[in-house]
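> Input protein-v3.cif, format and content: mmCIF, C-alpha atoms, pLDDT in the B column; chains and numbers go by the auth columns.
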```
data_protein
#
loop_
_atom_site.group_PDB
_atom_site.id
_atom_site.type_symbol
_atom_site.label_atom_id
_atom_site.label_comp_id
_atom_site.label_asym_id
_atom_site.label_seq_id
_atom_site.Cartn_x
_atom_site.Cartn_y
_atom_site.Cartn_z
_atom_site.B_iso_or_equiv
_atom_site.auth_seq_id
_atom_site.auth_asym_id
ATOM 1 C CA PHE A 1 39.548 80.646 116.622 89.00 1 T
ATOM 2 C CA ASN A 2 36.952 81.121 113.858 90.00 2 T
ATOM 3 C CA LEU A 3 33.683 83.042 113.864 89.00 3 T
ATOM 4 C CA GLU A 4 31.007 82.087 111.380 87.00 4 T
ATOM 5 C CA LEU A 5 29.311 85.077 109.781 85.00 5 T
ATOM 6 C CA ALA A 6 25.773 83.973 109.075 83.00 6 T
ATOM 7 C CA GLY A 7 24.422 84.846 105.621 75.00 7 T
ATOM 8 C CA THR A 8 27.786 84.914 103.839 70.00 8 T
ATOM 9 C CA ALA A 9 28.751 81.261 103.840 52.00 9 T
ATOM 10 C CA LYS A 10 27.337 80.549 100.327 57.00 10 T
ATOM 11 C CA GLN A 11 29.476 83.083 98.515 57.00 11 T
ATOM 12 C CA ALA A 12 31.780 81.755 95.848 52.00 12 T
ATOM 13 C CA PRO A 13 35.445 81.412 96.672 52.00 13 T
ATOM 14 C CA GLY A 14 37.309 84.619 95.983 51.00 14 T
ATOM 15 C CA ALA A 15 34.174 86.733 96.113 54.00 15 T
ATOM 16 C CA ASP A 16 34.623 87.574 99.804 56.00 16 T
ATOM 17 C CA THR A 17 36.715 90.716 99.527 56.00 17 T
ATOM 18 C CA GLY A 18 35.055 92.940 102.116 64.00 18 T
ATOM 19 C CA LEU A 19 37.229 94.457 104.823 78.00 19 T
ATOM 20 C CA MET A 20 36.479 93.122 108.308 84.00 20 T
ATOM 21 C CA GLU A 21 37.034 95.007 111.549 87.00 21 T
ATOM 22 C CA LEU A 22 36.805 93.631 115.082 89.00 22 T
ATOM 23 C CA GLU A 23 35.416 95.608 118.005 89.00 23 T
ATOM 24 C CA VAL A 24 35.611 94.464 121.666 90.00 24 T
ATOM 25 C CA ILE A 25 32.966 95.658 124.128 91.00 25 T
ATOM 26 C CA THR A 26 33.736 95.005 127.809 91.00 26 T
ATOM 27 C CA ALA A 27 31.931 95.571 131.106 88.00 27 T
ATOM 28 C CA PRO A 28 32.626 99.058 132.527 88.00 28 T
ATOM 29 C CA GLU A 29 34.086 97.686 135.780 85.00 29 T
ATOM 30 C CA HIS A 30 36.625 95.579 133.852 86.00 30 T
ATOM 31 C CA LYS A 31 37.398 97.977 131.044 86.00 31 T
ATOM 32 C CA GLU A 32 40.745 99.144 132.437 83.00 32 T
ATOM 33 C CA MET A 33 41.979 95.625 133.104 84.00 33 T
ATOM 34 C CA MET A 34 40.857 94.275 129.724 88.00 34 T
ATOM 35 C CA SER A 35 42.485 97.135 127.844 85.00 35 T
ATOM 36 C CA SER A 36 45.922 95.916 128.962 83.00 36 T
ATOM 37 C CA ALA A 37 45.306 92.176 129.323 86.00 37 T
ATOM 38 C CA LEU A 38 43.092 91.316 126.307 89.00 38 T
ATOM 39 C CA HIS A 39 44.136 91.715 122.681 90.00 39 T
ATOM 40 C CA LEU A 40 42.054 90.511 119.682 90.00 40 T
ATOM 41 C CA TYR A 41 42.535 91.090 115.977 88.00 41 T
ATOM 42 C CA VAL A 42 41.347 89.702 112.621 89.00 42 T
ATOM 43 C CA ASP A 43 43.815 87.248 111.106 88.00 43 T
ATOM 44 C CA ASN A 44 43.960 87.514 107.310 84.00 44 T
ATOM 45 C CA SER A 45 47.220 85.640 106.940 85.00 45 T
ATOM 46 C CA VAL A 46 47.745 82.954 104.292 86.00 46 T
ATOM 47 C CA PRO A 47 46.065 80.602 103.853 86.00 47 T
ATOM 48 C CA LYS A 48 43.011 82.784 104.104 84.00 48 T
ATOM 49 C CA PRO A 49 39.912 81.439 105.816 84.00 49 T
ATOM 50 C CA PRO A 50 36.912 80.230 103.731 84.00 50 T
ATOM 51 C CA PRO A 51 34.177 82.714 102.775 81.00 51 T
ATOM 52 C CA GLY A 52 31.887 83.601 105.624 83.00 52 T
ATOM 53 C CA ILE A 53 34.539 82.902 108.282 85.00 53 T
ATOM 54 C CA CYS A 54 36.312 85.488 110.402 88.00 54 T
ATOM 55 C CA ARG A 55 39.516 84.126 111.838 91.00 55 T
ATOM 56 C CA VAL A 56 40.484 85.800 115.107 92.00 56 T
ATOM 57 C CA ARG A 57 43.743 85.810 117.018 91.00 57 T
ATOM 58 C CA MET A 58 43.456 86.298 120.765 91.00 58 T
ATOM 59 C CA SER A 59 45.995 87.101 123.469 90.00 59 T
ATOM 60 C CA PHE A 60 44.810 87.182 127.077 89.00 60 T
ATOM 61 C CA GLU A 61 47.257 87.757 129.945 85.00 61 T
ATOM 62 C CA PRO A 62 45.239 88.646 133.067 85.00 62 T
ATOM 63 C CA LEU A 63 46.986 89.683 136.278 83.00 63 T
ATOM 64 C CA LYS A 64 44.074 88.999 138.634 85.00 64 T
ATOM 65 C CA ALA A 65 41.192 86.578 139.092 84.00 65 T
ATOM 66 C CA VAL A 66 38.060 87.745 137.285 84.00 66 T
ATOM 67 C CA ARG A 67 34.880 86.590 135.612 88.00 67 T
ATOM 68 C CA SER A 68 33.572 88.871 132.912 89.00 68 T
ATOM 69 C CA LYS A 69 31.396 88.894 129.815 91.00 69 T
ATOM 70 C CA ILE A 70 32.613 90.568 126.637 90.00 70 T
ATOM 71 C CA GLN A 71 31.065 91.082 123.222 92.00 71 T
ATOM 72 C CA LEU A 72 32.933 90.711 119.957 92.00 72 T
ATOM 73 C CA ARG A 73 31.504 92.766 117.137 92.00 73 T
ATOM 74 C CA VAL A 74 32.576 91.993 113.584 91.00 74 T
ATOM 75 C CA ASN A 75 31.969 94.808 111.102 89.00 75 T
ATOM 76 C CA LYS A 76 32.231 93.891 107.425 85.00 76 T
ATOM 77 C CA GLU A 77 32.308 96.593 104.838 78.00 77 T
ATOM 78 C CA ASN A 78 29.098 96.858 102.767 76.00 78 T
ATOM 79 C CA GLU A 79 27.676 93.631 104.254 78.00 79 T
ATOM 80 C CA GLY A 80 26.717 93.909 107.881 84.00 80 T
ATOM 81 C CA ARG A 81 27.561 93.488 111.561 89.00 81 T
ATOM 82 C CA TRP A 82 27.726 90.338 113.692 91.00 82 T
ATOM 83 C CA ASN A 83 27.813 90.132 117.491 92.00 83 T
ATOM 84 C CA PHE A 84 29.305 87.282 119.526 93.00 84 T
ATOM 85 C CA ASP A 85 29.207 86.916 123.328 93.00 85 T
ATOM 86 C CA MET A 86 32.118 85.464 125.267 91.00 86 T
ATOM 87 C CA ASP A 87 32.645 84.546 128.917 92.00 87 T
ATOM 88 C CA LEU A 88 36.134 85.095 130.314 90.00 88 T
ATOM 89 C CA VAL A 89 36.908 83.261 133.555 90.00 89 T
ATOM 90 C CA VAL A 90 40.243 83.619 135.337 88.00 90 T
ATOM 91 C CA SER A 91 40.769 81.377 138.366 86.00 91 T
ATOM 92 C CA GLN A 92 42.774 82.241 141.443 82.00 92 T
ATOM 93 C CA ALA A 93 46.529 82.042 140.971 81.00 93 T
ATOM 94 C CA GLU A 94 48.983 80.425 143.370 88.00 94 T
ATOM 95 C CA VAL A 95 49.806 82.488 146.449 91.00 95 T
ATOM 96 C CA ASP A 96 52.623 84.978 145.972 92.00 96 T
ATOM 97 C CA ASP A 97 54.144 84.361 149.395 94.00 97 T
ATOM 98 C CA VAL A 98 53.540 82.942 152.890 96.00 98 T
ATOM 99 C CA ILE A 99 53.540 85.221 155.946 95.00 99 T
ATOM 100 C CA ARG A 100 54.062 83.716 159.425 95.00 100 T
ATOM 101 C CA ILE A 101 53.236 85.528 162.672 95.00 101 T
ATOM 102 C CA GLU A 102 53.837 84.339 166.250 92.00 102 T
ATOM 103 C CA GLY A 103 51.441 85.691 168.841 90.00 103 T
ATOM 104 C CA ALA A 104 50.803 85.062 172.541 90.00 104 T
ATOM 105 C CA LEU A 105 47.252 84.546 173.781 89.00 105 T
ATOM 106 C CA ASN A 106 45.189 87.774 173.798 91.00 106 T
ATOM 107 C CA LYS A 107 48.192 89.824 172.679 93.00 107 T
ATOM 108 C CA THR A 108 48.595 91.471 169.272 94.00 108 T
ATOM 109 C CA SER A 109 51.646 90.739 167.132 95.00 109 T
ATOM 110 C CA ARG A 110 52.432 92.554 163.889 95.00 110 T
ATOM 111 C CA VAL A 111 54.567 92.141 160.792 95.00 111 T
ATOM 112 C CA SER A 112 55.010 94.645 157.978 95.00 112 T
ATOM 113 C CA PHE A 113 56.091 94.627 154.339 94.00 113 T
ATOM 114 C CA LYS A 114 56.268 97.125 151.482 94.00 114 T
ATOM 115 C CA MET A 115 54.733 96.905 148.032 93.00 115 T
ATOM 116 C CA SER A 116 54.610 99.038 144.899 94.00 116 T
ATOM 117 C CA ASN A 117 52.588 98.792 141.709 93.00 117 T
ATOM 118 C CA GLN A 118 53.874 96.630 138.846 89.00 118 T
ATOM 119 C CA PHE A 119 53.410 99.445 136.341 88.00 119 T
ATOM 120 C CA ASP A 120 55.005 102.853 135.904 89.00 120 T
ATOM 121 C CA THR A 121 51.928 104.603 137.270 91.00 121 T
ATOM 122 C CA SER A 122 50.345 104.686 140.711 93.00 122 T
ATOM 123 C CA ALA A 123 47.053 102.862 141.262 93.00 123 T
ATOM 124 C CA HIS A 124 44.241 102.811 143.786 95.00 124 T
ATOM 125 C CA PHE A 125 44.195 99.590 145.842 95.00 125 T
ATOM 126 C CA HIS A 126 42.086 97.624 148.302 96.00 126 T
ATOM 127 C CA ALA A 127 43.605 95.282 150.916 96.00 127 T
ATOM 128 C CA PHE A 128 41.485 92.736 152.777 96.00 128 T
ATOM 129 C CA PHE A 129 41.287 89.190 154.118 97.00 129 T
ATOM 130 C CA SER A 130 39.043 86.708 152.333 94.00 130 T
ATOM 131 C CA LEU A 131 35.715 85.814 153.943 93.00 131 T
ATOM 132 C CA GLU A 132 36.920 82.404 155.120 94.00 132 T
ATOM 133 C CA SER A 133 39.904 83.915 156.962 95.00 133 T
ATOM 134 C CA PRO A 134 39.850 83.963 160.816 95.00 134 T
ATOM 135 C CA PRO A 135 38.792 87.296 162.384 94.00 135 T
ATOM 136 C CA GLU A 136 42.000 87.264 164.437 95.00 136 T
ATOM 137 C CA PHE A 137 43.781 88.668 161.349 97.00 137 T
ATOM 138 C CA SER A 138 43.601 92.269 160.145 96.00 138 T
ATOM 139 C CA VAL A 139 45.507 94.511 157.725 97.00 139 T
ATOM 140 C CA THR A 140 46.151 98.243 157.463 96.00 140 T
ATOM 141 C CA PRO A 141 45.738 100.328 155.403 96.00 141 T
ATOM 142 C CA ALA A 142 42.600 98.844 153.862 96.00 142 T
ATOM 143 C CA SER A 143 42.749 101.179 150.842 95.00 143 T
ATOM 144 C CA GLY A 144 44.880 103.924 149.347 95.00 144 T
ATOM 145 C CA THR A 145 47.203 104.627 146.443 95.00 145 T
ATOM 146 C CA LEU A 146 49.914 102.149 145.525 95.00 146 T
ATOM 147 C CA PRO A 147 53.059 103.972 144.350 94.00 147 T
ATOM 148 C CA ALA A 148 54.473 103.364 140.881 93.00 148 T
ATOM 149 C CA TYR A 149 56.994 100.645 140.133 92.00 149 T
ATOM 150 C CA GLY A 150 60.528 101.469 141.305 90.00 150 T
ATOM 151 C CA SER A 151 59.426 103.570 144.278 91.00 151 T
ATOM 152 C CA GLU A 152 59.948 102.766 147.965 90.00 152 T
ATOM 153 C CA GLY A 153 56.452 101.310 148.122 92.00 153 T
ATOM 154 C CA MET A 154 53.486 101.382 150.476 93.00 154 T
ATOM 155 C CA GLU A 155 53.911 99.770 153.918 96.00 155 T
ATOM 156 C CA PHE A 156 51.279 97.209 154.932 97.00 156 T
ATOM 157 C CA VAL A 157 50.904 95.996 158.530 97.00 157 T
ATOM 158 C CA VAL A 158 49.360 92.589 159.258 97.00 158 T
ATOM 159 C CA SER A 159 48.112 92.059 162.841 96.00 159 T
ATOM 160 C CA PHE A 160 47.371 88.796 164.663 96.00 160 T
ATOM 161 C CA THR A 161 45.529 88.507 168.013 95.00 161 T
ATOM 162 C CA PRO A 162 44.935 84.844 169.000 93.00 162 T
ATOM 163 C CA ARG A 163 41.976 84.171 171.302 90.00 163 T
ATOM 164 C CA SER A 164 42.474 80.476 172.089 87.00 164 T
ATOM 165 C CA TYR A 165 45.181 77.811 172.301 83.00 165 T
ATOM 166 C CA GLY A 166 45.397 74.795 170.047 79.00 166 T
ATOM 167 C CA LYS A 167 43.686 76.415 167.068 85.00 167 T
ATOM 168 C CA ILE A 168 45.254 76.581 163.613 86.00 168 T
ATOM 169 C CA TYR A 169 45.019 80.068 162.105 94.00 169 T
ATOM 170 C CA VAL A 170 45.368 80.326 158.315 96.00 170 T
ATOM 171 C CA GLY A 171 44.075 83.316 156.351 96.00 171 T
ATOM 172 C CA LYS A 172 44.300 84.698 152.820 96.00 172 T
ATOM 173 C CA LEU A 173 45.358 88.320 152.379 96.00 173 T
ATOM 174 C CA ILE A 174 44.460 89.970 149.062 95.00 174 T
ATOM 175 C CA VAL A 175 45.800 93.261 147.727 95.00 175 T
ATOM 176 C CA GLU A 176 44.294 94.312 144.421 93.00 176 T
ATOM 177 C CA THR A 177 44.116 97.186 141.989 92.00 177 T
ATOM 178 C CA SER A 178 41.944 97.466 138.892 88.00 178 T
ATOM 179 C CA GLU A 179 44.586 95.558 136.890 88.00 179 T
ATOM 180 C CA MET A 180 46.613 93.526 139.371 90.00 180 T
ATOM 181 C CA GLN A 181 46.146 91.206 142.330 93.00 181 T
ATOM 182 C CA TRP A 182 48.529 89.825 144.970 94.00 182 T
ATOM 183 C CA THR A 183 47.606 86.959 147.295 95.00 183 T
ATOM 184 C CA TYR A 184 49.371 86.000 150.535 96.00 184 T
ATOM 185 C CA GLU A 185 48.761 83.034 152.807 97.00 185 T
ATOM 186 C CA VAL A 186 49.028 84.141 156.439 97.00 186 T
ATOM 187 C CA HIS A 187 49.795 81.629 159.211 96.00 187 T
ATOM 188 C CA GLY A 188 49.193 82.565 162.851 94.00 188 T
ATOM 189 C CA GLU A 189 51.239 80.515 165.299 90.00 189 T
ATOM 190 C CA HIS A 190 51.700 80.304 169.065 85.00 190 T
ATOM 191 C CA PRO A 191 55.237 80.778 170.441 83.00 191 T
ATOM 192 C CA LYS A 192 57.152 77.502 170.676 78.00 192 T
ATOM 193 C CA TYR A 193 57.772 76.320 174.253 71.00 193 T
ATOM 194 C CA GLU A 194 61.420 75.889 175.191 74.00 194 T
ATOM 195 C CA ILE A 195 62.495 73.959 178.285 75.00 195 T
ATOM 196 C CA PRO A 196 64.368 76.330 180.663 73.00 196 T
ATOM 197 C CA GLN A 197 68.074 75.613 181.058 74.00 197 T
ATOM 198 C CA ALA A 198 69.575 76.219 184.488 67.00 198 T
ATOM 199 C CA ASN A 199 72.846 77.558 183.134 68.00 199 T
ATOM 200 C CA LYS A 200 70.983 80.228 181.163 67.00 200 T
ATOM 201 C CA MET A 201 68.562 81.319 183.856 65.00 201 T
ATOM 202 C CA HIS A 202 69.116 84.660 185.582 67.00 202 T
ATOM 203 C CA THR A 203 67.123 85.785 188.617 66.00 203 T
ATOM 204 C CA LYS A 204 67.122 88.912 190.730 67.00 204 T
ATOM 205 C CA VAL A 205 67.015 86.866 193.949 68.00 205 T
ATOM 206 C CA ASP A 206 70.098 84.937 195.120 63.00 206 T
ATOM 207 C CA SER A 207 68.829 81.379 195.412 61.00 207 T
ATOM 208 C CA HIS A 208 72.167 79.861 196.538 62.00 208 T
ATOM 209 C CA ILE A 209 72.736 78.797 200.198 60.00 209 T
ATOM 210 C CA ALA A 210 75.860 80.129 201.866 63.00 210 T
ATOM 211 C CA ARG A 211 78.331 77.378 202.732 59.00 211 T
ATOM 212 C CA GLU A 212 78.313 78.144 206.437 59.00 212 T
ATOM 213 C CA GLU A 213 74.508 77.909 206.445 61.00 213 T
ATOM 214 C CA ASP A 214 74.229 74.703 204.463 59.00 214 T
ATOM 215 C CA PRO A 215 72.675 71.979 206.701 64.00 215 T
ATOM 216 C CA GLU A 216 74.890 69.284 205.196 62.00 216 T
ATOM 217 C CA VAL A 217 78.042 71.279 205.834 59.00 217 T
ATOM 218 C CA TYR A 218 76.851 72.118 209.364 55.00 218 T
ATOM 219 C CA ARG A 219 76.291 68.461 210.250 60.00 219 T
ATOM 220 C CA ASN A 220 79.716 67.467 209.001 61.00 220 T
ATOM 221 C CA GLN A 221 81.354 70.106 211.210 58.00 221 T
ATOM 222 C CA GLN A 222 79.691 68.966 214.483 57.00 222 T
ATOM 223 C CA THR A 223 81.425 66.663 217.027 60.00 223 T
ATOM 224 C CA ARG A 224 79.712 63.353 217.006 63.00 224 T
ATOM 225 C CA HIS A 225 78.241 62.574 220.487 65.00 225 T
ATOM 226 C CA ASN A 226 76.881 59.081 221.126 70.00 226 T
ATOM 227 C CA TYR A 227 74.223 59.615 223.765 67.00 227 T
ATOM 228 C CA MET A 228 72.928 56.057 223.546 72.00 228 T
ATOM 229 C CA LYS A 229 76.332 54.659 224.409 73.00 229 T
ATOM 230 C CA GLU A 230 76.653 56.934 227.436 74.00 230 T
ATOM 231 C CA ASN A 231 73.208 56.010 228.730 74.00 231 T
ATOM 232 C CA ALA A 232 73.939 52.305 228.360 74.00 232 T
ATOM 233 C CA ALA A 233 77.198 52.722 230.328 74.00 233 T
ATOM 234 C CA ALA A 234 75.399 54.543 233.138 73.00 234 T
ATOM 235 C CA VAL A 235 72.932 51.677 233.506 73.00 235 T
ATOM 236 C CA ARG A 236 75.732 49.106 233.744 71.00 236 T
ATOM 237 C CA ARG A 237 77.637 51.110 236.444 64.00 237 T
ATOM 238 C CA PRO A 238 78.454 48.917 239.665 62.00 238 T
ATOM 239 C CA GLN A 239 75.984 49.355 242.607 55.00 239 T
ATOM 240 C CA GLY A 240 78.729 49.161 245.343 53.00 240 T
ATOM 241 C CA SER A 241 79.706 52.773 245.166 50.00 241 T
ATOM 242 C CA ALA A 242 76.164 53.810 245.965 49.00 242 T
ATOM 243 C CA SER A 243 76.062 51.424 249.064 49.00 243 T
ATOM 244 C CA ARG A 244 79.274 52.843 250.425 51.00 244 T
ATOM 245 C CA ARG A 245 77.977 56.380 250.146 49.00 245 T
ATOM 246 C CA TYR A 246 74.871 55.302 252.033 48.00 246 T
ATOM 247 C CA ALA A 247 76.899 53.581 254.814 46.00 247 T
ATOM 248 C CA THR A 248 79.115 56.612 255.341 48.00 248 T
ATOM 249 C CA ALA A 249 76.106 58.849 255.658 47.00 249 T
ATOM 250 C CA SER A 250 74.625 56.503 258.358 48.00 250 T
ATOM 251 C CA ARG A 251 77.736 56.526 260.506 48.00 251 T
ATOM 252 C CA ASP A 252 77.905 60.300 260.433 50.00 252 T
ATOM 253 C CA THR A 253 74.323 60.505 261.628 45.00 253 T
ATOM 254 C CA SER A 254 74.990 58.139 264.603 45.00 254 T
ATOM 255 C CA ARG A 255 77.800 60.282 266.001 45.00 255 T
ATOM 256 C CA ASP A 256 75.546 63.246 266.215 47.00 256 T
#
```
Now that the file is in, can you turn its structure into structure tokens?

Amino acid sequence: FNLELAGTAKQAPGADTGLMELEVITAPEHKEMMSSALHLYVDNSVPKPPPGICRVRMSFEPLKAVRSKIQLRVNKENEGRWNFDMDLVVSQAEVDDVIRIEGALNKTSRVSFKMSNQFDTSAHFHAFFSLESPPEFSVTPASGTLPAYGSEGMEFVVSFTPRSYGKIYVGKLIVETSEMQWTYEVHGEHPKYEIPQANKMHTKVDSHIAREEDPEVYRNQQTRHNYMKENAAAVRRPQGSASRRYATASRDTSRD
């Protein structure tokens, strides 16, 4: 891009021979990040820009979301100094990974992972969930020193304690250093219900009925006795036998 240097635009072609230098002034809190991510220099390649124009080449490769103001200062030998303000806005990147945790109601479940810095030096970090994340999520440690690239890494533990059924839990975990940022989407889920299968169930109590005590088996082993048939036969029995017994008893009484 081009910067117009006020007060020099009317010079004749070829008369603009002063040496230009570019100085970048950043906010103190973003100085470390900008030193590695932002590169600006004066471009004097052919064809050269018109008089009064400073052509600048810019390379910006941020590793975290940020919004910062910087000042570009153009120093031209024997002529003056010009200041230009710039706003740099870096939006949130796509999530680096998705973490899923299953947790029973009012019980805490945890998952862990390890991470190291992306550079050859260690760096101080902060780990936290974004403000819109559910309070059922937490992470430890919240701060510390992230080991250099190639090391075993720092272990992070993400905890999930659901307080109600039927709720969808989705949070955003952020781990950041002064130069780098990692973002994880965390999903909290309830355990999936599985229908019990009889052939896979094991109990400490024997729930089977012994064969000799099974009511069905017991009934099949009993002799069938038809009481209704016997009662019906007794009712149909001839009355003569009873009269004879009565007559015999009368004769015996007379002899006495």
> Please expand the PyMOL selection byres ((chain T and resi 60) around 10) into the concrete residues it hits in this file, giving the result as an MDAnalysis selection string.
chainID T and resid 34 36:40 58:59 61:63 88
> Give me, please, the distance in Å between atom CA of Ala148 of chain T and atom CA of Ser91 of chain T, quoted to one decimal.
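About the pair atom CA of Ala148 of chain T and atom CA of Ser91 of chain T: they are 26.0 Å apart.
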> Give me the result of the PyMOL selection byres ((chain T and resi 180) around 8) on this file, residue by residue, as a list of chain:residue names.
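When the PyMOL selection byres ((chain T and resi 180) around 8) is applied to the shown file, the picked residues are T:Leu63, T:Lys64, T:Gln118, T:Glu176, T:Thr177, T:Ser178, T:Glu179, T:Gln181, T:Trp182.
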> Can you write out the residues you just picked, keeping C-alpha atoms, as a compact mmCIF listing (two decimals), keeping the file's coordinate frame?

```
# COMPACT_ATOMS: atom_id res chain seq x y z
CA LEU T 63 46.99 89.68 136.28
CA LYS T 64 44.07 89.00 138.63
CA GLN T 118 53.87 96.63 138.85
CA GLU T 176 44.29 94.31 144.42
CA THR T 177 44.12 97.19 141.99
CA SER T 178 41.94 97.47 138.89
CA GLU T 179 44.59 95.56 136.89
CA GLN T 181 46.15 91.21 142.33
CA TRP T 182 48.53 89.82 144.97
```
> Please identify all polymer residues within 10 Å of segment 99-111 of chain T, counting all atoms listed in the file, omitting same-chain residues fewer than 6 positions from it, and present them as number ranges by chain.
T: 136-139, 156-165, 169-173, 184-192
> Between atom CA of Ala65 of chain T and atom CA of Thr121 of chain T, what is the spacing in Å?
21.1 Å
> On this file, the PyMOL selection byres ((chain T and resi 19-31) around 8) gives some set of residues; write that set as a VMD selection string.
chain T and resid 17 to 18 32 to 35 40 to 42 54 68 to 77 178
> Export, as an mmCIF file, keeping the file's coordinate frame, the selected residues with C-alpha atoms.

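Written output follows (selection-v8.cif):
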```
data_model
loop_
_atom_site.group_PDB
_atom_site.id
_atom_site.type_symbol
_atom_site.label_atom_id
_atom_site.label_comp_id
_atom_site.auth_asym_id
_atom_site.auth_seq_id
_atom_site.Cartn_x
_atom_site.Cartn_y
_atom_site.Cartn_z
ATOM 1 C CA THR T 17 36.715 90.716 99.527
ATOM 2 C CA GLY T 18 35.055 92.940 102.116
ATOM 3 C CA GLU T 32 40.745 99.144 132.437
ATOM 4 C CA MET T 33 41.979 95.625 133.104
ATOM 5 C CA MET T 34 40.857 94.275 129.724
ATOM 6 C CA SER T 35 42.485 97.135 127.844
ATOM 7 C CA LEU T 40 42.054 90.511 119.682
ATOM 8 C CA TYR T 41 42.535 91.090 115.977
ATOM 9 C CA VAL T 42 41.347 89.702 112.621
ATOM 10 C CA CYS T 54 36.312 85.488 110.402
ATOM 11 C CA SER T 68 33.572 88.871 132.912
ATOM 12 C CA LYS T 69 31.396 88.894 129.815
ATOM 13 C CA ILE T 70 32.613 90.568 126.637
ATOM 14 C CA GLN T 71 31.065 91.082 123.222
ATOM 15 C CA LEU T 72 32.933 90.711 119.957
ATOM 16 C CA ARG T 73 31.504 92.766 117.137
ATOM 17 C CA VAL T 74 32.576 91.993 113.584
ATOM 18 C CA ASN T 75 31.969 94.808 111.102
ATOM 19 C CA LYS T 76 32.231 93.891 107.425
ATOM 20 C CA GLU T 77 32.308 96.593 104.838
ATOM 21 C CA SER T 178 41.944 97.466 138.892
#
```
> Ranking T:Ser45, T:Ser112, T:Ser151, T:Thr140 by minimum distance to Phe128 of chain T and counting all atoms listed in the file, which one comes first?
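Checking each of T:Ser45, T:Ser112, T:Ser151, T:Thr140 against Phe128 of chain T, counting all atoms listed in the file, the winner is T:Thr140.
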> So how many Å separate atom CA of Val175 of chain T and atom CA of Phe119 of chain T, to one decimal?
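One can read the atom CA of Val175 of chain T to atom CA of Phe119 of chain T distance as 15.0 Å.
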> Have a look at T:Asp120, T:His126, T:Arg67, T:Val98 and name the one nearest to Met86 of chain T; count all atoms listed in the file.
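Of T:Asp120, T:His126, T:Arg67, T:Val98, the one nearest Met86 of chain T, counting all atoms listed in the file, is T:Arg67.
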> What lies within 7 Å of segment 1-8 of chain T using only C-alpha atoms, ignoring chain neighbours under 2 positions off, as a list in words?
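The neighbour list is Lys10, Gln11, Pro51, Gly52, Ile53, Cys54, Arg55, Val56, Arg57 and Trp82 of chain T.
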> Of the residues T:Glu152, T:Thr183, T:Val89, T:Ser143, which is the one nearest to Ser130 of chain T, using only C-alpha atoms?
T:Thr183
> Would you please work out which residue, of T:Met228, T:Ala93, T:Met154, T:Leu146, is nearest to Ser122 of chain T when using only C-alpha atoms?
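With only C-alpha atoms as the atom set, the closest residue is T:Leu146.
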> Please reconstruct the missing atoms of segment 114-123 of chain T (target: N, CA, C and O atoms) and return them as an mmCIF file, keeping the file's coordinate frame.

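Saved file rebuild_28.cif follows:
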```
data_model
loop_
_atom_site.group_PDB
_atom_site.id
_atom_site.type_symbol
_atom_site.label_atom_id
_atom_site.label_comp_id
_atom_site.auth_asym_id
_atom_site.auth_seq_id
_atom_site.Cartn_x
_atom_site.Cartn_y
_atom_site.Cartn_z
ATOM 1 N N LYS T 114 56.520 96.026 152.413
ATOM 2 C CA LYS T 114 56.268 97.125 151.482
ATOM 3 C C LYS T 114 55.976 96.593 150.091
ATOM 4 O O LYS T 114 56.494 95.551 149.678
ATOM 5 N N MET T 115 55.144 97.335 149.371
ATOM 6 C CA MET T 115 54.733 96.905 148.032
ATOM 7 C C MET T 115 54.515 98.132 147.146
ATOM 8 O O MET T 115 54.038 99.167 147.609
ATOM 9 N N SER T 116 54.869 97.989 145.888
ATOM 10 C CA SER T 116 54.610 99.038 144.899
ATOM 11 C C SER T 116 53.867 98.425 143.721
ATOM 12 O O SER T 116 53.806 97.196 143.571
ATOM 13 N N ASN T 117 53.315 99.270 142.878
ATOM 14 C CA ASN T 117 52.588 98.792 141.709
ATOM 15 C C ASN T 117 53.559 98.149 140.707
ATOM 16 O O ASN T 117 54.761 98.434 140.722
ATOM 17 N N GLN T 118 53.037 97.292 139.852
ATOM 18 C CA GLN T 118 53.874 96.630 138.846
ATOM 19 C C GLN T 118 53.982 97.417 137.546
ATOM 20 O O GLN T 118 54.620 96.959 136.599
ATOM 21 N N PHE T 119 53.357 98.593 137.522
ATOM 22 C CA PHE T 119 53.410 99.445 136.341
ATOM 23 C C PHE T 119 54.033 100.794 136.704
ATOM 24 O O PHE T 119 54.240 101.106 137.874
ATOM 25 N N ASP T 120 54.312 101.584 135.689
ATOM 26 C CA ASP T 120 55.005 102.853 135.904
ATOM 27 C C ASP T 120 54.076 103.959 136.403
ATOM 28 O O ASP T 120 54.479 105.121 136.448
ATOM 29 N N THR T 121 52.875 103.624 136.747
ATOM 30 C CA THR T 121 51.928 104.603 137.270
ATOM 31 C C THR T 121 51.395 104.122 138.622
ATOM 32 O O THR T 121 51.401 102.916 138.902
ATOM 33 N N SER T 122 50.958 105.057 139.438
ATOM 34 C CA SER T 122 50.345 104.686 140.711
ATOM 35 C C SER T 122 48.934 104.158 140.457
ATOM 36 O O SER T 122 48.352 104.387 139.391
ATOM 37 N N ALA T 123 48.380 103.456 141.449
ATOM 38 C CA ALA T 123 47.053 102.862 141.262
ATOM 39 C C ALA T 123 46.349 102.764 142.604
ATOM 40 O O ALA T 123 46.973 102.517 143.638
#
```
